[in-house]
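Student: To be precise about what I am sending: the file is called coords25.cif and holds mmCIF, C-alpha atoms.
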```cif
data_entry
#
loop_
_atom_site.label_atom_id
_atom_site.label_comp_id
_atom_site.auth_asym_id
_atom_site.auth_seq_id
_atom_site.Cartn_x
_atom_site.Cartn_y
_atom_site.Cartn_z
CA MET A 1 24.61 230.04 -148.31
CA ALA A 2 22.12 227.62 -146.75
CA PRO A 3 23.33 225.06 -144.20
CA VAL A 4 24.46 221.69 -145.60
CA LEU A 5 23.52 218.42 -143.85
CA THR A 6 25.74 215.34 -144.22
CA SER A 7 24.47 212.81 -141.65
CA LEU A 8 22.19 212.11 -138.68
CA ASN A 9 23.21 210.06 -135.66
CA PRO A 10 21.04 208.10 -135.15
CA SER A 11 18.87 208.26 -138.28
CA PHE A 12 16.02 206.44 -136.55
CA GLY A 13 14.27 206.50 -133.19
CA PRO A 14 11.11 205.73 -131.18
CA PRO A 15 7.72 207.10 -132.33
CA ALA A 16 7.39 208.85 -128.94
CA GLY A 17 10.44 211.03 -129.73
CA GLY A 18 12.35 212.72 -126.93
CA ASN A 19 15.72 211.27 -127.96
CA THR A 20 18.69 213.39 -129.03
CA VAL A 21 19.63 213.34 -132.72
CA GLN A 22 23.05 214.65 -133.71
CA ILE A 23 22.90 216.59 -136.99
CA PHE A 24 26.23 216.90 -138.79
CA GLY A 25 27.06 219.19 -141.67
CA SER A 26 28.30 222.75 -142.12
CA GLY A 27 27.19 226.36 -142.03
CA PHE A 28 25.31 226.12 -138.72
CA THR A 29 26.81 229.36 -137.39
CA GLU A 30 27.04 231.40 -140.60
CA GLY A 31 23.44 232.60 -140.37
CA VAL A 32 21.00 232.41 -137.48
CA PRO A 33 19.52 228.89 -137.42
CA SER A 34 15.88 229.58 -136.67
CA THR A 35 14.23 226.21 -137.09
CA VAL A 36 15.12 222.52 -137.06
CA ARG A 37 12.27 220.45 -138.47
CA PHE A 38 11.43 216.77 -138.52
CA GLY A 39 9.03 216.77 -141.43
CA THR A 40 6.81 219.80 -140.76
CA THR A 41 7.37 219.70 -136.99
CA ALA A 42 9.80 222.22 -135.50
CA THR A 43 11.79 221.10 -132.46
CA THR A 44 14.24 222.36 -129.86
CA PHE A 45 17.97 222.19 -130.57
CA THR A 46 21.44 223.21 -129.41
CA ILE A 47 24.15 224.50 -131.75
CA VAL A 48 27.28 222.64 -130.65
CA SER A 49 29.55 223.97 -133.41
CA ASP A 50 29.46 225.10 -137.02
CA THR A 51 29.30 221.44 -138.03
CA HIS A 52 27.13 219.91 -135.29
CA ILE A 53 23.60 220.49 -133.93
CA ASP A 54 21.91 218.43 -131.22
CA ALA A 55 18.14 218.28 -131.77
CA SER A 56 15.38 216.68 -129.71
CA ALA A 57 13.31 214.41 -131.95
CA PRO A 58 9.59 215.23 -131.72
CA PRO A 59 6.95 212.45 -131.79
CA GLY A 60 6.26 211.08 -135.25
CA ALA A 61 5.67 208.13 -137.54
CA GLY A 62 7.17 206.73 -140.72
CA THR A 63 10.10 208.40 -142.49
CA VAL A 64 10.36 212.20 -142.44
CA GLU A 65 12.84 214.75 -143.76
CA VAL A 66 15.08 216.60 -141.30
CA THR A 67 16.03 220.14 -142.33
CA VAL A 68 17.79 223.14 -140.80
CA ALA A 69 16.54 226.60 -141.78
CA ALA A 70 18.78 229.65 -141.22
CA VAL A 71 18.11 233.37 -141.55
CA PRO A 72 18.97 234.81 -144.02
CA SER A 73 20.76 231.83 -145.62
CA GLY A 74 17.78 229.58 -146.39
CA THR A 75 16.91 225.92 -145.79
CA SER A 76 19.34 222.99 -145.95
CA ASN A 77 19.09 219.83 -147.99
CA PRO A 78 16.91 217.17 -146.29
CA LEU A 79 18.06 213.92 -144.66
CA PRO A 80 15.67 211.02 -143.88
CA TYR A 81 14.81 210.09 -140.28
CA THR A 82 12.74 206.96 -139.58
CA TYR A 83 10.41 206.57 -136.61
CA GLY A 84 10.48 203.00 -135.33
CA GLY A 85 13.35 202.20 -137.66
CA ALA A 86 16.04 199.90 -136.32
CA GLY A 87 18.82 201.06 -138.58
CA LEU A 88 20.97 198.93 -140.84
CA LEU A 89 24.01 196.72 -140.62
CA PHE A 90 26.46 196.56 -143.51
CA PHE A 91 28.72 193.57 -144.19
CA THR A 92 31.12 192.18 -146.76
CA ASP A 93 31.44 188.56 -147.84
CA GLY A 94 35.25 188.75 -148.08
CA ILE A 95 35.44 186.25 -150.93
CA ASP A 96 35.74 186.22 -154.73
CA THR A 97 32.08 187.16 -155.30
CA GLY A 98 33.04 190.60 -153.97
CA ASN A 99 29.69 191.58 -152.49
CA VAL A 100 28.58 194.19 -149.93
CA TYR A 101 25.16 193.86 -148.27
CA SER A 102 22.85 195.66 -145.86
CA VAL A 103 20.38 194.08 -143.43
CA PRO A 104 18.07 195.59 -140.76
CA GLN A 105 19.47 195.45 -137.21
CA THR A 106 16.29 193.61 -136.24
CA GLY A 107 17.02 190.89 -138.79
CA GLY A 108 15.72 190.06 -142.27
CA THR A 109 16.89 189.36 -145.81
CA PRO A 110 20.22 190.90 -146.89
CA THR A 111 20.08 193.51 -149.68
CA LEU A 112 22.90 193.53 -152.24
CA LEU A 113 24.56 196.97 -152.41
CA ALA A 114 27.65 196.32 -154.54
CA PHE A 115 29.22 193.36 -156.34
CA GLY A 116 32.27 192.41 -158.35
CA LEU A 117 34.67 194.00 -155.85
CA SER A 118 38.20 192.73 -155.32
CA ILE A 119 37.88 190.80 -152.03
CA PRO A 120 36.04 193.45 -149.95
CA GLU A 121 37.15 193.20 -146.32
CA GLY A 122 37.01 195.75 -143.47
CA LEU A 123 34.47 198.55 -143.85
CA VAL A 124 33.17 201.63 -142.05
CA ARG A 125 30.24 203.98 -142.64
CA VAL A 126 30.69 207.76 -142.78
CA GLY A 127 27.47 209.64 -143.51
CA THR A 128 25.95 208.30 -146.72
CA LEU A 129 29.07 206.42 -147.86
CA LEU A 130 30.63 203.06 -147.01
CA TYR A 131 34.44 203.00 -147.04
CA PHE A 132 35.90 199.51 -147.51
CA CYS A 133 39.20 197.77 -148.26
CA GLU A 134 39.59 195.99 -151.61
CA PHE A 135 42.25 193.44 -150.68
CA PHE A 136 43.59 192.39 -154.08
CA ALA A 137 43.09 195.80 -155.71
CA ASN A 138 45.36 197.34 -153.04
CA ARG A 139 42.99 200.24 -152.35
CA VAL A 140 40.15 201.69 -150.31
CA SER A 141 36.95 202.41 -152.23
CA THR A 142 33.56 203.92 -151.45
CA VAL A 143 29.98 203.01 -152.33
CA PRO A 144 26.73 204.79 -151.34
CA VAL A 145 24.87 203.16 -148.43
CA THR A 146 21.91 202.81 -150.79
CA GLY A 147 24.03 200.84 -153.27
CA GLY A 148 25.82 201.62 -156.50
CA THR A 149 29.19 201.49 -158.22
CA ALA A 150 32.39 201.52 -156.15
CA THR A 151 34.71 204.52 -156.47
CA PRO A 152 38.46 204.10 -155.71
CA LEU A 153 39.61 206.57 -153.06
CA VAL A 154 42.93 205.58 -151.41
CA THR A 155 45.67 203.82 -153.38
CA GLY A 156 49.34 203.20 -152.62
CA LEU A 157 48.39 200.27 -150.34
CA SER A 158 49.36 196.61 -150.30
CA LEU A 159 46.72 194.03 -149.28
CA PRO A 160 44.66 196.32 -147.00
CA THR A 161 42.50 194.37 -144.53
CA ASP A 162 40.61 196.83 -142.31
CA ILE A 163 39.73 200.50 -141.87
CA THR A 164 38.50 202.90 -139.19
CA VAL A 165 37.81 206.64 -139.13
CA SER A 166 38.45 209.53 -136.75
CA GLY A 167 37.19 212.95 -137.77
CA ASN A 168 38.38 213.51 -141.34
CA THR A 169 41.12 210.89 -141.23
CA LEU A 170 41.00 207.24 -142.29
CA PHE A 171 43.30 204.72 -140.57
CA ILE A 172 44.04 201.55 -142.53
CA ALA A 173 45.64 198.20 -141.70
CA ASP A 174 48.18 197.63 -144.51
CA PRO A 175 49.90 194.26 -143.89
CA GLY A 176 51.43 193.95 -147.36
CA HIS A 177 53.67 196.97 -146.71
CA SER A 178 55.70 195.63 -143.79
CA ASP A 179 52.68 195.24 -141.45
CA ARG A 180 52.05 198.94 -141.08
CA VAL A 181 49.21 201.24 -139.98
CA VAL A 182 48.69 204.15 -142.37
CA SER A 183 46.48 207.23 -142.40
CA ALA A 184 44.77 209.03 -145.27
CA PRO A 185 42.46 212.04 -145.62
CA ILE A 186 38.80 211.09 -146.00
CA THR A 187 38.86 212.81 -149.40
CA GLY A 188 41.40 210.26 -150.66
CA THR A 189 45.08 210.10 -151.58
CA ASP A 190 47.64 208.12 -153.59
CA THR A 191 50.25 208.49 -150.83
CA PRO A 192 49.02 207.31 -147.40
CA THR A 193 51.06 208.38 -144.36
CA MET A 194 52.80 205.72 -142.27
CA VAL A 195 51.67 205.78 -138.62
CA ALA A 196 53.35 202.69 -137.15
CA THR A 197 54.72 199.22 -137.92
CA SER A 198 53.48 196.20 -135.98
CA PRO A 199 56.10 193.79 -134.58
CA THR A 200 53.80 190.75 -135.12
CA GLY A 201 51.72 191.70 -138.15
CA ILE A 202 48.44 193.55 -138.50
CA PHE A 203 44.93 192.47 -139.45
CA TRP A 204 42.01 194.38 -137.81
CA ILE A 205 41.97 197.94 -136.52
CA THR A 206 39.64 200.16 -134.47
CA ASP A 207 39.64 203.77 -133.36
CA GLY A 208 40.48 204.58 -129.74
CA ALA A 209 37.24 206.56 -129.29
CA PRO A 210 34.80 204.49 -127.23
CA THR A 211 31.26 203.82 -128.41
CA GLN A 212 28.61 205.07 -126.00
CA PRO A 213 27.14 201.93 -124.33
CA GLY A 214 24.23 203.52 -122.46
CA MET A 215 23.57 205.35 -119.24
CA THR A 216 24.03 204.25 -115.65
CA PRO A 217 21.28 205.52 -113.29
CA VAL A 218 22.17 206.95 -109.89
CA ALA A 219 20.31 205.59 -106.89
CA ALA A 220 17.89 207.97 -105.20
CA GLY A 221 18.73 209.36 -101.79
CA LEU A 222 20.96 212.13 -100.50
CA PRO A 223 22.49 214.55 -103.02
CA THR A 224 25.39 212.95 -104.85
CA ALA A 225 28.11 214.25 -107.11
CA PRO A 226 27.67 213.88 -110.88
CA VAL A 227 28.58 210.44 -112.23
CA LEU A 228 30.53 210.06 -115.48
CA THR A 229 30.17 206.91 -117.58
CA SER A 230 31.95 207.67 -120.87
CA LEU A 231 33.47 210.27 -123.19
CA THR A 232 32.89 210.41 -126.96
CA PRO A 233 35.55 210.71 -128.19
CA SER A 234 37.99 209.93 -125.39
CA SER A 235 40.89 211.37 -127.38
CA GLY A 236 41.58 214.30 -129.66
CA PRO A 237 44.15 216.70 -131.10
CA THR A 238 46.65 218.47 -128.86
CA ALA A 239 45.35 221.81 -130.15
CA GLY A 240 41.95 221.09 -128.59
CA ALA A 241 38.81 222.99 -129.72
CA ASN A 242 36.96 219.75 -130.62
CA THR A 243 33.66 218.84 -128.96
CA VAL A 244 33.70 216.04 -126.37
CA GLU A 245 30.39 214.50 -125.35
CA ILE A 246 30.38 213.65 -121.63
CA PHE A 247 27.81 211.01 -120.68
CA GLY A 248 26.66 210.18 -117.18
CA SER A 249 24.02 211.50 -114.78
CA GLY A 250 23.36 214.27 -112.28
CA PHE A 251 24.21 217.19 -114.56
CA THR A 252 21.10 219.27 -113.75
CA GLY A 253 19.55 220.50 -110.52
CA VAL A 254 22.92 220.56 -108.72
CA GLY A 255 23.86 224.22 -109.06
CA PRO A 256 26.63 225.67 -111.27
CA LEU A 257 29.04 223.22 -112.87
CA ILE A 258 32.73 223.31 -113.78
CA VAL A 259 34.09 220.94 -116.43
CA ARG A 260 37.85 220.34 -116.26
CA PHE A 261 40.35 218.57 -118.48
CA GLY A 262 43.07 217.94 -115.95
CA SER A 263 43.32 221.24 -114.08
CA THR A 264 42.02 223.32 -117.00
CA ALA A 265 38.40 224.50 -116.86
CA THR A 266 36.61 224.75 -120.20
CA THR A 267 33.38 225.92 -121.80
CA PHE A 268 30.47 223.52 -122.14
CA THR A 269 26.74 223.10 -122.87
CA ILE A 270 24.41 221.05 -120.65
CA VAL A 271 22.38 219.06 -123.19
CA SER A 272 20.43 217.03 -120.59
CA ASP A 273 20.79 215.52 -117.14
CA THR A 274 22.82 212.71 -118.74
CA ARG A 275 24.93 214.61 -121.27
CA ILE A 276 27.27 217.60 -121.47
CA ASP A 277 29.03 218.82 -124.63
CA ALA A 278 32.40 220.31 -123.68
CA ILE A 279 35.09 222.02 -125.76
CA ALA A 280 38.45 220.31 -125.19
CA PRO A 281 41.17 222.81 -124.26
CA PRO A 282 44.71 222.40 -125.64
CA GLY A 283 46.77 219.76 -123.86
CA THR A 284 49.16 216.82 -124.02
CA GLY A 285 49.24 213.27 -122.72
CA THR A 286 46.37 211.72 -120.76
CA VAL A 287 44.31 213.85 -118.35
CA ASP A 288 41.32 213.30 -116.06
CA VAL A 289 38.02 214.83 -117.15
CA THR A 290 35.77 215.78 -114.22
CA VAL A 291 32.49 217.60 -113.67
CA ALA A 292 32.22 219.55 -110.42
CA ALA A 293 28.82 220.63 -109.06
CA LEU A 294 28.66 223.52 -106.61
CA LEU A 295 26.19 221.77 -104.30
CA ASN A 296 27.13 218.12 -104.71
CA GLY A 297 30.88 217.83 -105.23
CA THR A 298 33.12 216.49 -108.00
CA SER A 299 32.44 213.48 -110.22
CA ASN A 300 34.58 210.44 -110.77
CA PRO A 301 37.32 211.07 -113.38
CA LEU A 302 37.45 209.64 -116.90
CA SER A 303 40.60 209.54 -119.01
CA TYR A 304 41.01 211.75 -122.09
CA THR A 305 44.11 211.32 -124.27
CA TYR A 306 45.58 214.06 -126.43
CA GLY A 307 46.74 212.45 -129.66
CA GLY A 308 44.54 209.38 -129.10
CA LEU A 309 45.09 205.67 -129.68
CA LEU A 310 44.42 203.04 -132.32
CA PHE A 311 44.04 199.36 -131.46
CA PHE A 312 44.87 196.50 -133.83
CA THR A 313 45.17 192.73 -133.94
CA ASP A 314 48.01 190.79 -135.58
CA THR A 315 47.74 188.85 -138.82
CA ASN A 316 50.25 186.09 -138.02
CA PHE A 317 47.94 184.31 -135.56
CA ILE A 318 50.30 184.95 -132.67
CA GLY A 319 47.32 186.13 -130.64
CA THR A 320 48.31 189.70 -129.81
CA VAL A 321 46.51 193.04 -129.59
CA PHE A 322 48.42 196.34 -129.66
CA SER A 323 47.71 200.04 -129.20
CA VAL A 324 49.54 202.87 -130.95
CA PRO A 325 49.15 206.69 -130.86
CA ARG A 326 47.19 208.05 -133.82
CA ASN A 327 50.00 210.43 -134.62
CA GLY A 328 52.48 207.55 -134.83
CA GLY A 329 54.89 205.79 -132.50
CA THR A 330 55.85 202.40 -131.12
CA PRO A 331 53.02 199.86 -130.62
CA THR A 332 52.25 198.85 -127.01
CA LEU A 333 51.23 195.27 -126.23
CA VAL A 334 47.70 195.22 -124.78
CA ALA A 335 46.97 191.47 -124.75
CA THR A 336 48.61 188.22 -125.77
CA ASP A 337 47.82 184.49 -126.01
CA LEU A 338 44.44 185.12 -127.62
CA SER A 339 43.10 182.48 -130.00
CA THR A 340 43.40 184.08 -133.45
CA PRO A 341 42.09 187.58 -132.62
CA VAL A 342 40.50 189.26 -135.63
CA GLY A 343 37.71 191.92 -135.59
CA LEU A 344 37.56 194.25 -132.59
CA VAL A 345 35.64 197.27 -131.32
CA ARG A 346 36.04 199.54 -128.32
CA VAL A 347 33.14 200.19 -125.92
CA GLY A 348 34.00 202.41 -122.95
CA GLU A 349 37.19 201.08 -121.37
CA LEU A 350 36.93 197.59 -122.89
CA LEU A 351 37.96 196.08 -126.22
CA TYR A 352 35.55 193.45 -127.58
CA ILE A 353 37.53 190.97 -129.70
CA CYS A 354 36.53 188.04 -131.92
CA GLU A 355 38.64 184.96 -131.08
CA GLN A 356 38.30 182.66 -134.08
CA GLY A 357 40.20 179.71 -132.59
CA THR A 358 37.87 179.45 -129.58
CA ALA A 359 34.75 180.61 -131.44
CA ARG A 360 33.88 183.39 -129.02
CA VAL A 361 33.96 187.10 -128.31
CA SER A 362 36.12 188.17 -125.37
CA THR A 363 36.90 191.47 -123.65
CA VAL A 364 40.22 193.02 -122.66
CA PRO A 365 40.74 196.35 -120.81
CA VAL A 366 42.09 199.05 -123.13
CA THR A 367 44.97 199.48 -120.69
CA GLY A 368 45.89 195.79 -121.10
CA GLY A 369 45.21 192.59 -119.23
CA THR A 370 43.74 189.11 -119.46
CA ALA A 371 40.92 188.30 -121.88
CA THR A 372 37.50 187.46 -120.42
CA PRO A 373 35.13 185.29 -122.53
CA LEU A 374 31.80 187.06 -123.10
CA VAL A 375 29.85 185.64 -126.08
CA THR A 376 29.97 181.94 -126.91
CA GLY A 377 27.75 179.76 -129.11
CA LEU A 378 29.55 180.99 -132.24
CA SER A 379 31.24 179.01 -135.01
CA LEU A 380 33.95 181.16 -136.64
CA PRO A 381 33.51 184.85 -135.69
CA THR A 382 35.38 187.34 -137.90
CA ASP A 383 34.19 190.85 -137.06
CA ILE A 384 32.11 192.82 -134.57
CA THR A 385 30.33 196.16 -134.26
CA VAL A 386 28.10 197.75 -131.63
CA SER A 387 24.91 199.81 -131.52
CA GLY A 388 23.64 200.93 -128.12
CA SER A 389 23.79 197.91 -125.82
CA THR A 390 23.85 195.31 -128.61
CA LEU A 391 26.82 193.61 -130.26
CA PHE A 392 26.52 192.49 -133.90
CA ILE A 393 28.88 189.73 -135.05
CA THR A 394 29.71 188.09 -138.39
CA ASP A 395 29.87 184.30 -137.89
CA GLN A 396 31.72 182.98 -140.93
CA GLY A 397 31.27 179.35 -139.90
CA THR A 398 27.53 179.64 -140.48
CA ASP A 399 27.46 182.64 -142.87
CA GLN A 400 25.20 184.40 -140.36
CA ILE A 401 24.85 187.83 -138.77
CA VAL A 402 24.09 187.38 -135.06
CA SER A 403 23.38 189.76 -132.18
CA ALA A 404 24.23 189.52 -128.49
CA PRO A 405 23.71 191.76 -125.46
CA ILE A 406 26.80 193.73 -124.50
CA THR A 407 26.73 191.89 -121.16
CA GLY A 408 27.34 188.56 -122.92
CA THR A 409 25.42 185.40 -123.78
CA ALA A 410 25.88 181.76 -124.72
CA THR A 411 23.00 181.90 -127.21
CA PRO A 412 23.41 184.69 -129.78
CA THR A 413 20.35 185.65 -131.84
CA VAL A 414 20.46 184.91 -135.59
CA LEU A 415 19.47 188.01 -137.60
CA ALA A 416 20.26 187.00 -141.16
CA THR A 417 22.06 184.49 -143.37
CA SER A 418 24.21 185.79 -146.22
CA PRO A 419 23.84 184.13 -149.62
CA THR A 420 27.58 184.51 -150.32
CA GLY A 421 29.20 184.44 -146.88
CA VAL A 422 30.12 187.03 -144.24
CA PHE A 423 33.38 188.70 -143.22
CA ALA A 424 33.43 192.34 -141.99
CA ILE A 425 30.55 194.33 -140.49
CA THR A 426 29.68 197.91 -139.53
CA THR A 427 26.63 199.92 -138.49
#
```
Now that the file is in, can you turn its structure into C-alpha cells?

Tutor:
Amino acid sequence: MAPVLTSLNPSFGPPAGGNTVQIFGSGFTEGVPSTVRFGTTATTFTIVSDTHIDASAPPGAGTVEVTVAAVPSGTSNPLPYTYGGAGLLFFTDGIDTGNVYSVPQTGGTPTLLAFGLSIPEGLVRVGTLLYFCEFFANRVSTVPVTGGTATPLVTGLSLPTDITVSGNTLFIADPGHSDRVVSAPITGTDTPTMVATSPTGIFWITDGAPTQPGMTPVAAGLPTAPVLTSLTPSSGPTAGANTVEIFGSGFTGVGPLIVRFGSTATTFTIVSDTRIDAIAPPGTGTVDVTVAALLNGTSNPLSYTYGGLLFFTDTNFIGTVFSVPRNGGTPTLVATDLSTPVGLVRVGELLYICEQGTARVSTVPVTGGTATPLVTGLSLPTDITVSGSTLFITDQGTDQIVSAPITGTATPTVLATSPTGVFAITT
C-alpha cells in the first residue's frame, strides 16, 4: 500500500528553500521510501517515524505537489506546498450569523468558508480540517479548510466554548456541564471523557505543548555546550515512544552526543545544527531534557512532563488561569487578578493571554506568577494564536484581525476586517 499524506507543517516557505517541512501521514516505514518530491524535484529527507518525515524544501516557485514514493508500495497522494506563501489564519465571528473565515497571514480580504453555524466559537486546525465548537448546538463540528458543509463530530456537550488538540485527542472547554474539561478522540464520540472540573468556571483552553518561537544564536568564540531553547511537545504519554523535537543550537561539529530524559539516555536523529528529533523513553512526572556533547559539555536543561498539562481561563470573569494534567486531576492556579482573561496560547515557557478588561495581551510563566503587559493598542481582544515570531489576535472591538511581534508592541498591525465580526482564531 502506498504511503498516505495527511498534512504538511508548514505548507509554505521561501522560494530559496532550505527550510524543514514536516510531512505527516502513514506508511512511511512499510516500504522503502525512495524519493520525496516537491513537484518534480527530489529532495533530502529523514524518516522520523511511520507517520512523520522531515524533508528539506528545495528551491521553487508557485504551488507544487509534495509526494512520497516508496518501493515497492508506490506513490502517495499529493499535498500542496506554496513557495512565498504566507499561510492562512482562520477565525469565527462568534455571533448569530455563524460564519467561519480564512484570511492570509499577510493580510487581505476574508474568505467565507462556512455559514449558518450555531454560534461558532473556539477552533483548531488539524491537517485539512477545522474543528470548532458550536455553542448552542452543544457539539464540536468539522469543516474543510477550503470551505464546505459542517459535519457534527463530538456531541454530549453543553455550551462548549473552546477546543485544543494533542496527538489524536481533542480537549474541550465544556462550561455548561459543571465547568468541566473533557476529552474526545479526534474521530468523534457521543460520550466525551471528563478530565477535570474548574473551581471558577472555564472559557478558553490551550494545550501544554509550547509553540516553537524561533532559534537563539550562540555567540562565536570558544567551544560551548549545546544550547536548548524549546521542546515540541514538552509533554507526552508515560509509555514514551513519541517523537520530541529539541530546538536550540550547537548540535553538530561537537563530537558524539547523548540525549537524556532525566537520567535515561535515548535514541535520536540530528536533523540540523538547530534541531534534534528524540524518542521519549518511558517515564513519570517532570524530568530535565539535556543534550551532552563529548567535546563541549552538557546543555542547559528543559522540562518535559509525562502526562502533560492543559491551561484554561475561567468564564466567570474572576480573572484566573489554571493548569490541569491531561489525564485528569485537580486544577492548579497559575495566575489571578487578570482583567477578564479569555483566549490564550503557550509559547515556550510563557502563556500569552488576552485581557479583555484592559484591552491588552499579557504574559504569565507557565509555572505561575504575575502577568506582564505585552501588546497594547487593542480594543476588545478575544483570542490569540502564534506563527513563528508573530502573534495574531482577534480584536472584537474593531472586528479586526491584527498582528504583533512576539516581543510586544503598542501599535499592532491591522491585517483584515471581518464583515460579520471576530471571535476565535487559529493558524

Student: Take the PyMOL selection byres ((chain A and resi 159) around 9), apply it to the structure above, and return the hits as number ranges by chain.

Tutor: A: 133-139, 157-158, 160-161, 173-177

Student: Counting all atoms listed in the file, select every polymer residue within 8 Å of (20.8, 207.4, -132.7) as defined in the file's coordinates, and provide the selection as a list of chain:residue names.

Tutor: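 Taken together, the residues in range are A:Leu8, A:Asn9, A:Pro10, A:Ser11, A:Phe12, A:Gly13, A:Asn19, A:Thr20, A:Val21, A:Gln22.
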
Student: Just to confirm, what's the straight-line distance from CA of Ser299 (chain A) to CA of Ile279 (chain A) in Å (one decimal)?

Tutor: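 Result for CA of Ser299 (chain A) versus CA of Ile279 (chain A): 17.9 Å, one decimal.
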
Student: Taking the file as I've supplied it (selection: the PyMOL selection byres ((chain A and resi 72-83) around 10)), which residues are included? Please answer as a ChimeraX atom specification.

Tutor: /A:1-17,21,23,25-28,30-39,57-71,84-87,128

Student: Could you check how far CA of Leu257 (chain A) sits from CA of Ser230 (chain A), in Å to one decimal?

Tutor: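 Result for CA of Leu257 (chain A) versus CA of Ser230 (chain A): 17.7 Å, one decimal.
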
Student: Could you list, as a PyMOL selection string, every residue within 10 Å of Thr336 (chain A), counting only C-alpha atoms and ignoring same-chain residues fewer than 3 positions away?

Tutor: chain A and resi 313+318-322+333+339+341+368-371

Student: Could you tell me which residues the PyMOL selection byres ((chain A and resi 355) around 9) returns for this structure, as a list in words?

Tutor: Gly319, Leu338, Ser339, Thr340, Pro341, Val342, Gly343, Ile353, Cys354, Gln356, Gly357, Thr358, Ala359, Arg360, Val361, Ser362, Leu380, Pro381 and Thr382 of chain A

Student: With distances taken over only C-alpha atoms, which residue among A:Ala292, A:Ile163, A:Val347, A:Val140 lies nearest Trp204 (chain A)?

Tutor: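 Among the listed residues, A:Ile163 lies closest to Trp204 (chain A).
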
Student: Output, as AutoDock Vina command-line options, the centre and edge lengths in Å (one decimal) of the axis-aligned box that contains all listed atoms of region 336-354 of chain A with 4 Å of margin on each side.

Tutor:
```
--center_x 40.9 --center_y 192.4 --center_z -128.5 --size_x 23.5 --size_y 27.9 --size_z 22.3
```

Student: Please list as a PyMOL selection string every residue within 6 Å of Val345 (chain A), counting all atoms listed in the file and excluding residues in the same chain fewer than 6 positions away.

Tutor: chain A and resi 206+351-352

Student: So, counting only C-alpha atoms, which residue among A:Ile401, A:Val48, A:Gly107, A:Thr284 is closest to Thr267 (chain A)?

Tutor: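 The answer is A:Val48, which sits nearest to Thr267 (chain A).
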
Student: Measuring between all atoms listed in the file, which one of A:Leu112, A:Leu153, A:Leu378, A:Leu130 shows the shortest distance to Pro419 (chain A)?

Tutor: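 That would be A:Leu112, the residue with the smallest distance to Pro419 (chain A).
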
Student: Check the smallest atom-to-atom distance from each of A:Val271, A:Val103, A:Val287, A:Leu350 to Thr238 (chain A) using only C-alpha atoms, then report the winner.

Tutor: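 When distances to Thr238 (chain A) are compared using only C-alpha atoms, the smallest one comes from A:Val287.
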
Student: Might you pull out every residue within 7 Å of Ile276 (chain A), with only C-alpha atoms counted and same-chain residues fewer than 6 positions away left off, and present them as a PyMOL selection string?

Tutor: chain A and resi 245-247+268-270

Student: With distances taken over only C-alpha atoms, which of A:Ser387, A:Thr367, A:Thr376, A:Thr232 is nearest to Asp277 (chain A)?

Tutor: A:Thr232

Student: Which residue gives the smallest distance to Thr411 (chain A) among A:Val165, A:Val375, A:Phe423, A:Thr252, with only C-alpha atoms counted?

Tutor: A:Val375

Student: Rounded to one decimal, what separation in Å do you get between CA of Pro226 (chain A) and CA of Ala280 (chain A)?

Tutor: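 Atom-to-atom, CA of Pro226 (chain A) to CA of Ala280 (chain A), that is 19.0 Å.
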
Student: What's around Asp288 (chain A) at 12 Å? Count only C-alpha atoms, leave out sequence neighbours fewer than 2 positions away in its own chain, and write the answer as a VMD selection string.

Tutor: chain A and resid 228 230 to 231 234 to 235 259 to 265 280 283 to 286 290 to 291 298 to 306

Student: Could you pull the residues within 9 Å of Pro405 (chain A), counting all atoms listed in the file, minus those fewer than 4 positions along the same chain, as a list in words?

Tutor: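 That gives Val375, Ser389, Thr390, Leu391, Phe392, Thr409 and Pro412 of chain A.
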